[in-house]
file model.txt (compact mmCIF, C-alpha atoms)
# COMPACT_ATOMS: atom_id res chain seq x y z
CA MET F 15 -50.41 -5.99 4.65
CA GLU F 16 -53.05 -5.20 7.28
CA ASN F 17 -55.28 -2.22 6.52
CA SER F 18 -54.13 -0.51 9.72
CA GLN F 19 -50.56 -0.63 8.45
CA LYS F 20 -51.27 0.65 4.98
CA LYS F 21 -50.29 4.20 4.17
CA GLN F 22 -52.62 6.72 2.59
CA VAL F 23 -51.18 7.84 -0.74
CA PHE F 24 -52.06 11.04 -2.58
CA LEU F 25 -51.71 10.25 -6.31
CA PHE F 26 -51.13 13.01 -8.86
CA TYR F 27 -50.98 12.27 -12.57
CA CYS F 28 -50.23 13.81 -15.96
CA ALA F 29 -53.08 14.40 -18.40
CA GLU F 30 -52.24 11.33 -20.50
CA CYS F 31 -52.43 9.04 -17.48
CA GLU F 32 -55.83 10.06 -16.13
CA ASP F 33 -57.53 6.77 -17.08
CA LEU F 34 -54.75 4.68 -15.58
CA ALA F 35 -54.66 6.85 -12.45
CA ARG F 36 -58.38 6.32 -11.91
CA GLN F 37 -57.91 2.57 -12.30
CA VAL F 38 -55.05 2.61 -9.78
CA ALA F 39 -57.17 4.56 -7.28
CA SER F 40 -60.05 2.12 -7.73
CA GLN F 41 -57.80 -0.69 -6.50
CA SER F 42 -57.48 0.67 -2.98
CA ASP F 43 -59.28 2.90 -0.48
CA HIS F 44 -55.81 4.07 0.56
CA ILE F 45 -55.11 5.90 -2.72
CA THR F 46 -56.66 9.32 -3.23
CA LEU F 47 -56.48 11.12 -6.56
CA GLN F 48 -55.20 14.69 -6.58
CA THR F 49 -55.29 17.20 -9.42
CA ILE F 50 -52.99 19.64 -11.15
CA LYS F 51 -53.90 22.54 -13.41
CA TRP F 52 -51.90 22.02 -16.59
CA ARG F 53 -51.89 25.32 -18.44
CA THR F 54 -49.50 27.18 -20.71
CA PHE F 55 -48.48 30.79 -21.08
CA ASP F 56 -48.85 32.55 -24.41
CA ASP F 57 -45.26 31.66 -25.29
CA GLY F 58 -46.04 27.95 -24.89
CA PHE F 59 -44.12 27.36 -21.67
CA PRO F 60 -45.91 25.58 -18.78
CA ASN F 61 -48.11 27.43 -16.30
CA ILE F 62 -48.74 24.78 -13.67
CA PHE F 63 -50.58 24.84 -10.36
CA ILE F 64 -50.61 21.98 -7.82
CA ASN F 65 -54.01 22.01 -6.14
CA ASN F 66 -54.22 21.73 -2.33
CA ALA F 67 -50.44 21.94 -1.97
CA GLN F 68 -50.54 22.84 1.74
CA ASP F 69 -52.56 19.72 2.50
CA LEU F 70 -49.66 17.55 1.31
CA ARG F 71 -47.44 18.27 4.30
CA GLY F 72 -46.61 15.02 6.06
CA GLN F 73 -48.44 12.94 3.44
CA HIS F 74 -47.22 10.14 1.17
CA VAL F 75 -47.32 11.48 -2.38
CA ALA F 76 -46.92 9.85 -5.79
CA PHE F 77 -46.94 11.11 -9.36
CA LEU F 78 -47.94 8.97 -12.35
CA ALA F 79 -45.94 10.10 -15.37
CA SER F 80 -45.82 9.37 -19.08
CA PHE F 81 -42.79 10.63 -21.00
CA SER F 82 -44.41 9.88 -24.37
CA SER F 83 -42.61 12.70 -26.19
CA GLN F 84 -39.97 15.34 -25.58
CA GLY F 85 -42.69 17.98 -25.49
CA VAL F 86 -44.31 16.72 -22.27
CA ILE F 87 -41.20 15.83 -20.27
CA PHE F 88 -40.33 19.37 -19.10
CA GLU F 89 -43.76 20.15 -17.66
CA GLN F 90 -43.89 16.85 -15.83
CA LEU F 91 -40.35 17.20 -14.50
CA SER F 92 -41.31 20.62 -13.15
CA VAL F 93 -44.03 18.95 -11.05
CA ILE F 94 -41.83 15.98 -10.13
CA TYR F 95 -39.17 18.35 -8.79
CA ALA F 96 -41.75 20.47 -6.94
CA LEU F 97 -43.75 17.81 -5.07
CA PRO F 98 -40.97 16.52 -2.75
CA ARG F 99 -40.30 20.10 -1.63
CA LEU F 100 -43.79 20.44 -0.18
CA PHE F 101 -42.69 18.73 3.06
CA VAL F 102 -44.23 15.43 2.04
CA ALA F 103 -43.52 12.31 4.10
CA SER F 104 -42.38 10.41 1.00
CA PHE F 105 -42.44 10.77 -2.76
CA THR F 106 -42.77 8.09 -5.42
CA LEU F 107 -42.48 8.67 -9.15
CA VAL F 108 -44.39 6.06 -11.15
CA LEU F 109 -42.92 5.99 -14.66
CA PRO F 110 -44.21 2.72 -16.14
CA PHE F 111 -42.25 3.13 -19.38
CA PHE F 112 -38.67 4.41 -19.26
CA PRO F 113 -38.59 5.79 -22.81
CA THR F 114 -34.88 6.08 -23.57
CA GLY F 115 -34.11 2.61 -22.22
CA SER F 116 -33.09 1.18 -25.61
CA PHE F 117 -30.42 3.86 -26.02
CA GLU F 118 -28.22 2.68 -23.21
CA ARG F 119 -24.90 1.96 -24.90
CA MET F 120 -22.27 3.54 -27.11
CA GLU F 121 -21.11 1.69 -30.20
CA GLU F 122 -18.66 4.37 -31.28
CA GLU F 123 -17.22 7.59 -29.89
CA GLY F 124 -19.80 10.33 -30.28
CA ASP F 125 -22.89 8.23 -29.52
CA VAL F 126 -24.97 9.73 -26.71
CA ALA F 127 -26.47 7.24 -24.25
CA THR F 128 -29.70 9.13 -23.55
CA ALA F 129 -30.84 6.45 -21.09
CA PHE F 130 -28.05 7.65 -18.81
CA THR F 131 -29.14 11.27 -19.31
CA MET F 132 -32.71 10.43 -18.34
CA ALA F 133 -31.55 8.49 -15.28
CA ARG F 134 -29.42 11.46 -14.18
CA MET F 135 -32.41 13.79 -14.49
CA LEU F 136 -34.52 11.51 -12.32
CA SER F 137 -31.67 11.00 -9.86
CA ASN F 138 -31.70 14.73 -9.16
CA ILE F 139 -35.28 14.83 -7.89
CA PRO F 140 -35.02 16.75 -4.58
CA ILE F 141 -34.95 14.53 -1.52
CA SER F 142 -38.24 14.59 0.36
CA LYS F 143 -38.67 15.04 4.10
CA GLY F 144 -38.71 11.24 4.42
CA GLY F 145 -35.44 10.68 2.58
CA PRO F 146 -34.62 9.36 -0.93
CA ASN F 147 -37.49 9.14 -3.39
CA SER F 148 -38.68 6.00 -5.15
CA VAL F 149 -38.92 5.59 -8.92
CA LEU F 150 -41.18 2.75 -10.12
CA ILE F 151 -40.42 1.45 -13.63
CA TYR F 152 -41.74 -1.61 -15.47
CA ASP F 153 -39.54 -3.87 -17.59
CA ILE F 154 -36.74 -1.42 -18.23
CA HIS F 155 -35.03 -2.36 -21.49
CA ALA F 156 -31.64 -3.28 -20.02
CA LEU F 157 -31.29 -4.43 -16.43
CA GLN F 158 -27.89 -2.77 -16.06
CA GLU F 159 -29.65 0.59 -16.35
CA ARG F 160 -30.46 0.35 -12.63
CA PHE F 161 -26.84 1.37 -12.07
CA TYR F 162 -27.37 4.62 -13.99
CA PHE F 163 -29.41 6.03 -11.11
CA GLY F 164 -27.75 7.98 -8.32
CA ASP F 165 -28.06 7.56 -4.57
CA HIS F 166 -30.81 10.18 -4.17
CA VAL F 167 -33.44 7.86 -5.64
CA LEU F 168 -34.41 4.24 -5.03
CA PRO F 169 -35.34 2.66 -8.37
CA LEU F 170 -37.93 -0.09 -8.06
CA PHE F 171 -38.12 -2.37 -11.08
CA GLU F 172 -41.30 -4.34 -11.60
CA THR F 173 -42.53 -6.49 -14.49
CA GLY F 174 -45.74 -7.07 -16.41
CA ILE F 175 -45.03 -10.79 -16.85
CA PRO F 176 -47.40 -11.89 -14.01
CA LEU F 177 -50.26 -10.27 -15.96
CA LEU F 178 -49.34 -12.30 -19.03
CA LYS F 179 -49.11 -15.55 -17.05
CA GLN F 180 -52.53 -14.92 -15.53
CA ARG F 181 -54.01 -14.31 -18.99
CA LEU F 182 -52.39 -17.39 -20.50
CA HIS F 183 -53.87 -19.62 -17.79
CA GLN F 184 -57.33 -18.32 -18.78
CA LEU F 185 -57.00 -19.48 -22.40
CA PRO F 186 -58.82 -22.63 -23.50
CA ASP F 187 -55.56 -24.00 -24.92
CA SER F 188 -53.48 -23.07 -21.85
CA ASP F 189 -51.96 -26.56 -21.84
CA LYS F 190 -50.67 -26.07 -25.40
CA ILE F 191 -48.69 -22.85 -24.90
CA VAL F 192 -45.10 -22.36 -25.97
CA VAL F 193 -43.26 -19.12 -25.18
CA ALA F 194 -40.97 -17.75 -27.88
CA PHE F 195 -38.29 -15.10 -27.60
CA PRO F 196 -37.28 -13.01 -30.63
CA ASP F 197 -33.61 -12.96 -29.60
CA ASP F 198 -31.17 -14.02 -26.89
CA GLY F 199 -31.65 -10.73 -25.07
CA ALA F 200 -35.36 -11.34 -24.53
CA TRP F 201 -34.62 -14.92 -23.43
CA LYS F 202 -32.06 -13.76 -20.85
CA ARG F 203 -34.48 -11.17 -19.60
CA PHE F 204 -37.64 -13.23 -19.18
CA HIS F 205 -36.99 -16.98 -19.31
CA LYS F 206 -36.70 -17.46 -15.54
CA GLN F 207 -40.16 -15.94 -15.04
CA LEU F 208 -41.66 -18.25 -17.67
CA ASP F 209 -39.64 -21.41 -17.13
CA HIS F 210 -42.70 -23.64 -16.64
CA PHE F 211 -43.59 -23.16 -20.33
CA PRO F 212 -41.80 -24.92 -23.20
CA MET F 213 -39.65 -22.39 -25.04
CA VAL F 214 -38.49 -21.42 -28.50
CA VAL F 215 -35.60 -19.01 -29.02
CA CYS F 216 -35.18 -17.15 -32.30
CA ASN F 217 -32.25 -15.12 -33.53
CA LYS F 218 -31.27 -12.97 -36.47
CA VAL F 219 -28.62 -14.10 -38.91
CA ARG F 220 -27.13 -12.05 -41.69
CA GLU F 221 -27.53 -13.27 -45.26
CA GLY F 222 -25.90 -10.77 -47.59
CA ASP F 223 -27.47 -7.40 -46.84
CA LYS F 224 -30.47 -8.92 -45.08
CA ARG F 225 -31.01 -10.02 -41.49
CA ILE F 226 -33.12 -13.17 -41.43
CA VAL F 227 -34.98 -14.48 -38.37
CA ARG F 228 -34.33 -18.15 -37.67
CA ILE F 229 -35.30 -20.58 -34.92
CA LYS F 230 -32.25 -21.21 -32.78
CA GLU F 231 -33.78 -23.82 -30.48
CA GLY F 232 -37.15 -25.32 -29.61
CA ASN F 233 -40.06 -26.70 -31.60
CA PRO F 234 -43.27 -24.69 -32.14
CA ALA F 235 -45.12 -27.35 -34.14
CA GLY F 236 -48.73 -27.83 -33.02
CA TYR F 237 -48.57 -25.24 -30.23
CA HIS F 238 -50.04 -21.81 -29.55
CA VAL F 239 -46.81 -19.83 -29.55
CA VAL F 240 -46.61 -16.56 -27.61
CA ILE F 241 -43.74 -14.24 -28.54
CA VAL F 242 -42.53 -12.27 -25.48
CA ASP F 243 -40.47 -9.08 -25.42
CA ASP F 244 -40.22 -5.92 -23.35
CA LEU F 245 -41.30 -3.43 -26.03
CA VAL F 246 -42.30 -3.00 -29.64
CA GLN F 247 -41.55 -0.11 -31.97
CA SER F 248 -42.22 -0.77 -35.67
CA GLY F 249 -43.00 -4.45 -35.03
CA GLY F 250 -40.84 -5.72 -37.86
CA THR F 251 -39.04 -8.31 -35.74
CA LEU F 252 -42.31 -9.69 -34.33
CA ILE F 253 -43.74 -10.04 -37.82
CA GLU F 254 -40.69 -11.93 -39.06
CA CYS F 255 -40.81 -14.19 -35.99
CA GLN F 256 -44.47 -14.93 -36.64
CA LYS F 257 -43.73 -15.97 -40.21
CA VAL F 258 -40.94 -18.31 -39.14
CA LEU F 259 -42.98 -19.87 -36.32
CA ALA F 260 -45.96 -20.42 -38.62
CA ALA F 261 -43.69 -21.97 -41.24
CA HIS F 262 -42.44 -24.42 -38.59
CA GLY F 263 -45.95 -25.60 -37.76
CA ALA F 264 -47.18 -23.32 -34.98
CA ALA F 265 -50.94 -23.81 -34.60
CA LYS F 266 -51.29 -20.08 -33.91
CA VAL F 267 -49.09 -17.21 -32.85
CA SER F 268 -49.67 -14.41 -30.33
CA ALA F 269 -47.44 -11.71 -28.90
CA TYR F 270 -46.89 -9.92 -25.59
CA VAL F 271 -44.92 -6.75 -24.92
CA THR F 272 -45.04 -4.67 -21.78
CA HIS F 273 -44.61 -1.43 -23.70
CA GLY F 274 -46.53 -0.90 -26.93
CA VAL F 275 -44.65 2.16 -28.18
CA PHE F 276 -45.75 1.91 -31.83
CA PRO F 277 -44.46 5.22 -33.26
CA LYS F 278 -46.25 6.56 -36.35
CA ARG F 279 -49.25 4.30 -35.70
CA SER F 280 -47.24 1.21 -36.53
CA TRP F 281 -49.77 -0.82 -34.51
CA GLU F 282 -51.96 -0.69 -37.61
CA ARG F 283 -49.74 -3.37 -39.15
CA PHE F 284 -51.16 -5.87 -36.66
CA THR F 285 -54.88 -5.18 -36.90
CA HIS F 286 -56.98 -7.83 -38.55
CA LYS F 287 -57.98 -5.28 -41.16
CA ASP F 288 -54.47 -5.43 -42.56
CA GLU F 289 -54.73 -7.94 -45.40
CA GLY F 290 -51.07 -8.87 -45.24
CA LEU F 291 -51.34 -9.88 -41.59
CA GLU F 292 -54.93 -11.04 -41.43
CA LYS F 293 -55.24 -13.48 -38.53
CA ALA F 294 -51.43 -13.66 -38.28
CA PHE F 295 -51.63 -12.91 -34.55
CA ALA F 296 -54.39 -14.51 -32.51
CA TYR F 297 -53.76 -12.09 -29.62
CA PHE F 298 -51.45 -9.13 -29.12
CA TRP F 299 -51.20 -8.26 -25.42
CA ILE F 300 -49.84 -4.93 -24.23
CA THR F 301 -50.04 -3.15 -20.88
CA ASP F 302 -51.25 0.40 -20.35
CA SER F 303 -47.73 1.74 -19.79
CA CYS F 304 -48.09 3.82 -22.99
CA PRO F 305 -51.48 5.55 -22.61
CA LEU F 306 -51.57 7.07 -26.09
CA THR F 307 -51.23 3.61 -27.64
CA VAL F 308 -53.99 2.22 -25.42
CA LYS F 309 -56.31 5.00 -26.55
CA ALA F 310 -55.39 4.42 -30.21
CA VAL F 311 -55.80 0.63 -30.34
CA GLY F 312 -59.01 0.60 -28.31
CA ASN F 313 -60.59 -2.82 -28.67
CA LYS F 314 -59.24 -3.44 -32.14
CA ALA F 315 -58.35 -7.10 -32.68
CA PRO F 316 -55.94 -8.67 -31.98
CA PHE F 317 -55.04 -6.20 -29.22
CA GLU F 318 -55.89 -6.74 -25.56
CA VAL F 319 -54.72 -4.43 -22.77
CA LEU F 320 -53.50 -5.95 -19.50
CA SER F 321 -53.66 -3.17 -16.93
CA LEU F 322 -50.79 -2.40 -14.56
CA ALA F 323 -53.22 -0.67 -12.17
CA GLY F 324 -53.28 -3.41 -9.53
CA SER F 325 -49.52 -3.84 -9.61
CA ILE F 326 -48.95 -0.08 -9.30
CA ALA F 327 -51.38 0.13 -6.37
CA ASP F 328 -49.49 -2.66 -4.60
CA ALA F 329 -46.11 -1.04 -5.31
CA LEU F 330 -47.25 2.26 -3.79
CA GLN F 331 -47.47 0.45 -0.45
CA ILE F 332 -43.84 -0.65 -0.48

call {"tool": "encode", "arguments": {"input": "model.txt", "output": "structure tokens"}}
result
Amino acid sequence: MENSQKKQVFLFYCAECEDLARQVASQSDHITLQTIKWRTFDDGFPNIFINNAQDLRGQHVAFLASFSSQGVIFEQLSVIYALPRLFVASFTLVLPFFPTGSFERMEEEGDVATAFTMARMLSNIPISKGGPNSVLIYDIHALQERFYFGDHVLPLFETGIPLLKQRLHQLPDSDKIVVAFPDDGAWKRFHKQLDHFPMVVCNKVREGDKRIVRIKEGNPAGYHVVIVDDLVQSGGTLIECQKVLAAHGAAKVSAYVTHGVFPKRSWERFTHKDEGLEKAFAYFWITDSCPLTVKAVGNKAPFEVLSLAGSIADALQI
């Protein structure tokens, strides 16, 4: 896109996302950071002020959000609902990680599909002067969740896989890479984007009361095997996959997930200080979609952060 055709975007952000917002802004002269005063009243409820609100009239505005816990969602939604009403030309919500995405189905009557609830909340963002708002999400857990959103928003689904492919091509053993998927769901989701790599597909089988990870197809022997999935919580499945791949002759094993959720500091299981998993993973790549995790893991091996900043900057021009 020619510079003359690019739109100037005013980018607001939540407190957690300040580092990522600054990286996004550094990608383009057409993105200008804006600030919000995040305060609370004595009773704990939000006391929020959008700085320079009158200057937003007729401007393209975006908000970089992180719904890392229930406690921060309300204050951010308050801003998300307010910004389009300031007579902005367009509004884009950047929510790299859609947090309830793995709770998208009902297995028995009484289950609550909170992914649908979240999508309904975002679908009710007030329409801006320019029409329906955009919602940018990376590697949502289930692709059918795009149909949970109403007609008042335009969900834009992007992926972190190009960042992984770029990193893999930089490795000294880039010609000896095999991509592994921990289950059929991950294979269905990502295999078309990685089809130039040899592949291994794992699955879980039940043996008594246990669920055992097995190799369903493919051969990891002698290769650097990279396990690919959309997100990680406790990491138990990745660990079991690593053990099986190593047992079948993998030269080394790494992992990639777009969203390193890691509740209760479960990322510690993967650090090279953990004796049980010492050197088990050569690399563990995550993106910066979960800012609290990025801050926690720092530069601790085997973790490497692949930033979404460039991709977000490009998407803001769509």

call {"tool": "atom_distance", "arguments": {"input": "model.txt", "atom1": "CA of Phe276 (chain F)", "atom2": "CA of Leu245 (chain F)"}}
result
9.1 Å

call {"tool": "closest_residue", "arguments": {"input": "model.txt", "among": "F:Ile154, F:Leu320, F:Ile139, F:Val102", "to": "Val75 (chain F)", "atoms": "only C-alpha atoms"}}
result
F:Val102

call {"tool": "residues_near_point", "arguments": {"input": "model.txt", "point": "(-40.9, -4.1, -16.7)", "cutoff": "6 Å", "atoms": "all atoms listed in the file", "output": "VMD selection string"}}
result
chain F and resid 152 to 154 172 to 174

call {"tool": "residues_around", "arguments": {"input": "model.txt", "residues": "Ile64 (chain F)", "least_positions_apart": "2", "cutoff": "10 Å", "atoms": "all atoms listed in the file", "output": "list in words"}}
result
Phe26, Gln48, Thr49, Ile50, Lys51, Trp52, Ile62, Asn66, Ala67, Gln68, Val93, Ala96 and Leu97 of chain F

call {"tool": "closest_residue", "arguments": {"input": "model.txt", "among": "F:Phe24, F:Trp281, F:Phe295, F:Phe161", "to": "Ser42 (chain F)", "atoms": "only C-alpha atoms"}}
result
F:Phe24

call {"tool": "residues_around", "arguments": {"input": "model.txt", "residues": "region 189-192 of chain F", "least_positions_apart": "4", "cutoff": "8 Å", "atoms": "all atoms listed in the file", "output": "PyMOL selection string"}}
result
chain F and resi 182+211-214+234+237-240

call {"tool": "atom_distance", "arguments": {"input": "model.txt", "atom1": "CA of Lys266 (chain F)", "atom2": "CA of Asp187 (chain F)"}}
result
10.7 Å

call {"tool": "residues_around", "arguments": {"input": "model.txt", "residues": "Thr301 (chain F)", "least_positions_apart": "5", "cutoff": "9 Å", "atoms": "all atoms listed in the file", "output": "MDAnalysis selection string"}}
result
chainID F and resid 174 177 270:274 308 318:322

call {"tool": "closest_residue", "arguments": {"input": "model.txt", "among": "F:Asn217, F:Thr106, F:Thr54, F:Gln19", "to": "Ala79 (chain F)", "atoms": "only C-alpha atoms"}}
result
F:Thr106

call {"tool": "closest_residue", "arguments": {"input": "model.txt", "among": "F:Thr46, F:Gly58, F:Lys257, F:Ala129", "to": "Arg160 (chain F)", "atoms": "only C-alpha atoms"}}
result
F:Ala129

call {"tool": "atom_distance", "arguments": {"input": "model.txt", "atom1": "CA of Ala39 (chain F)", "atom2": "CA of Ser83 (chain F)"}}
result
25.2 Å

call {"tool": "residues_around", "arguments": {"input": "model.txt", "residues": "Asp197 (chain F)", "least_positions_apart": "3", "cutoff": "7 Å", "atoms": "all atoms listed in the file", "output": "mmCIF file with C-alpha atoms, keeping the file's coordinate frame"}}
result
data_model
loop_
_atom_site.group_PDB
_atom_site.id
_atom_site.type_symbol
_atom_site.label_atom_id
_atom_site.label_comp_id
_atom_site.auth_asym_id
_atom_site.auth_seq_id
_atom_site.Cartn_x
_atom_site.Cartn_y
_atom_site.Cartn_z
ATOM 1 C CA ALA F 200 -35.360 -11.340 -24.530
ATOM 2 C CA TRP F 201 -34.620 -14.920 -23.430
ATOM 3 C CA VAL F 215 -35.600 -19.010 -29.020
ATOM 4 C CA CYS F 216 -35.180 -17.150 -32.300
ATOM 5 C CA ASN F 217 -32.250 -15.120 -33.530
#

call {"tool": "closest_residue", "arguments": {"input": "model.txt", "among": "F:Pro146, F:Leu157, F:Leu34, F:Gly324", "to": "Pro176 (chain F)", "atoms": "only C-alpha atoms"}}
result
F:Gly324

call {"tool": "closest_residue", "arguments": {"input": "model.txt", "among": "F:Leu150, F:Ala133, F:Ile175, F:Leu259", "to": "Pro110 (chain F)", "atoms": "all atoms listed in the file"}}
result
F:Leu150

call {"tool": "residues_around", "arguments": {"input": "model.txt", "residues": "Arg203 (chain F)", "least_positions_apart": "5", "cutoff": "9 Å", "atoms": "all atoms listed in the file", "output": "NGL selection string"}}
result
:F and (156-157 or 198 or 243-244)

call {"tool": "decode", "arguments": {"input": "model.txt", "residues": "region 39-88 of chain F", "atoms": "C-alpha atoms", "output": "PDB file, in the first residue's frame"}}
result
ATOM      1  CA  ALA F  39       3.653   1.932  16.799  1.00  0.00           C
ATOM      2  CA  SER F  40       7.349   1.537  15.986  1.00  0.00           C
ATOM      3  CA  GLN F  41       6.407  -0.446  12.876  1.00  0.00           C
ATOM      4  CA  SER F  42       4.757   2.486  11.126  1.00  0.00           C
ATOM      5  CA  ASP F  43       4.769   6.283  11.034  1.00  0.00           C
ATOM      6  CA  HIS F  44       1.019   6.013  10.480  1.00  0.00           C
ATOM      7  CA  ILE F  45       0.289   4.690  13.986  1.00  0.00           C
ATOM      8  CA  THR F  46       0.198   7.164  16.852  1.00  0.00           C
ATOM      9  CA  LEU F  47      -0.059   6.030  20.462  1.00  0.00           C
ATOM     10  CA  GLN F  48      -2.776   7.565  22.623  1.00  0.00           C
ATOM     11  CA  THR F  49      -3.213   7.306  26.375  1.00  0.00           C
ATOM     12  CA  ILE F  50      -5.936   6.584  28.883  1.00  0.00           C
ATOM     13  CA  LYS F  51      -5.976   7.324  32.601  1.00  0.00           C
ATOM     14  CA  TRP F  52      -6.788   4.026  34.282  1.00  0.00           C
ATOM     15  CA  ARG F  53      -7.892   4.824  37.817  1.00  0.00           C
ATOM     16  CA  THR F  54     -10.311   3.368  40.332  1.00  0.00           C
ATOM     17  CA  PHE F  55     -12.745   4.830  42.807  1.00  0.00           C
ATOM     18  CA  ASP F  56     -12.502   3.934  46.478  1.00  0.00           C
ATOM     19  CA  ASP F  57     -15.026   1.133  45.968  1.00  0.00           C
ATOM     20  CA  GLY F  58     -12.757  -0.482  43.366  1.00  0.00           C
ATOM     21  CA  PHE F  59     -14.843   0.312  40.294  1.00  0.00           C
ATOM     22  CA  PRO F  60     -13.116   1.931  37.281  1.00  0.00           C
ATOM     23  CA  ASN F  61     -12.577   5.680  37.024  1.00  0.00           C
ATOM     24  CA  ILE F  62     -11.393   6.064  33.443  1.00  0.00           C
ATOM     25  CA  PHE F  63     -10.543   9.091  31.329  1.00  0.00           C
ATOM     26  CA  ILE F  64      -9.772   9.006  27.583  1.00  0.00           C
ATOM     27  CA  ASN F  65      -7.205  11.713  26.912  1.00  0.00           C
ATOM     28  CA  ASN F  66      -7.715  14.081  23.947  1.00  0.00           C
ATOM     29  CA  ALA F  67     -11.158  12.646  23.217  1.00  0.00           C
ATOM     30  CA  GLN F  68     -12.274  15.615  21.091  1.00  0.00           C
ATOM     31  CA  ASP F  69      -9.279  15.171  18.802  1.00  0.00           C
ATOM     32  CA  LEU F  70     -10.558  11.728  17.795  1.00  0.00           C
ATOM     33  CA  ARG F  71     -13.448  13.025  15.708  1.00  0.00           C
ATOM     34  CA  GLY F  72     -13.075  11.796  12.145  1.00  0.00           C
ATOM     35  CA  GLN F  73      -9.990   9.722  13.007  1.00  0.00           C
ATOM     36  CA  HIS F  74      -9.294   6.009  12.645  1.00  0.00           C
ATOM     37  CA  VAL F  75      -9.053   4.590  16.157  1.00  0.00           C
ATOM     38  CA  ALA F  76      -7.932   1.227  17.537  1.00  0.00           C
ATOM     39  CA  PHE F  77      -7.717  -0.287  21.001  1.00  0.00           C
ATOM     40  CA  LEU F  78      -5.235  -3.021  21.959  1.00  0.00           C
ATOM     41  CA  ALA F  79      -6.834  -5.220  24.611  1.00  0.00           C
ATOM     42  CA  SER F  80      -5.808  -8.101  26.845  1.00  0.00           C
ATOM     43  CA  PHE F  81      -8.587 -10.002  28.609  1.00  0.00           C
ATOM     44  CA  SER F  82      -6.130 -11.844  30.854  1.00  0.00           C
ATOM     45  CA  SER F  83      -8.566 -12.153  33.764  1.00  0.00           C
ATOM     46  CA  GLN F  84     -12.175 -11.426  34.626  1.00  0.00           C
ATOM     47  CA  GLY F  85     -11.025  -8.483  36.724  1.00  0.00           C
ATOM     48  CA  VAL F  86      -9.754  -6.417  33.785  1.00  0.00           C
ATOM     49  CA  ILE F  87     -12.473  -7.141  31.229  1.00  0.00           C
ATOM     50  CA  PHE F  88     -15.070  -4.670  32.555  1.00  0.00           C
TER      51      PHE F  88
END
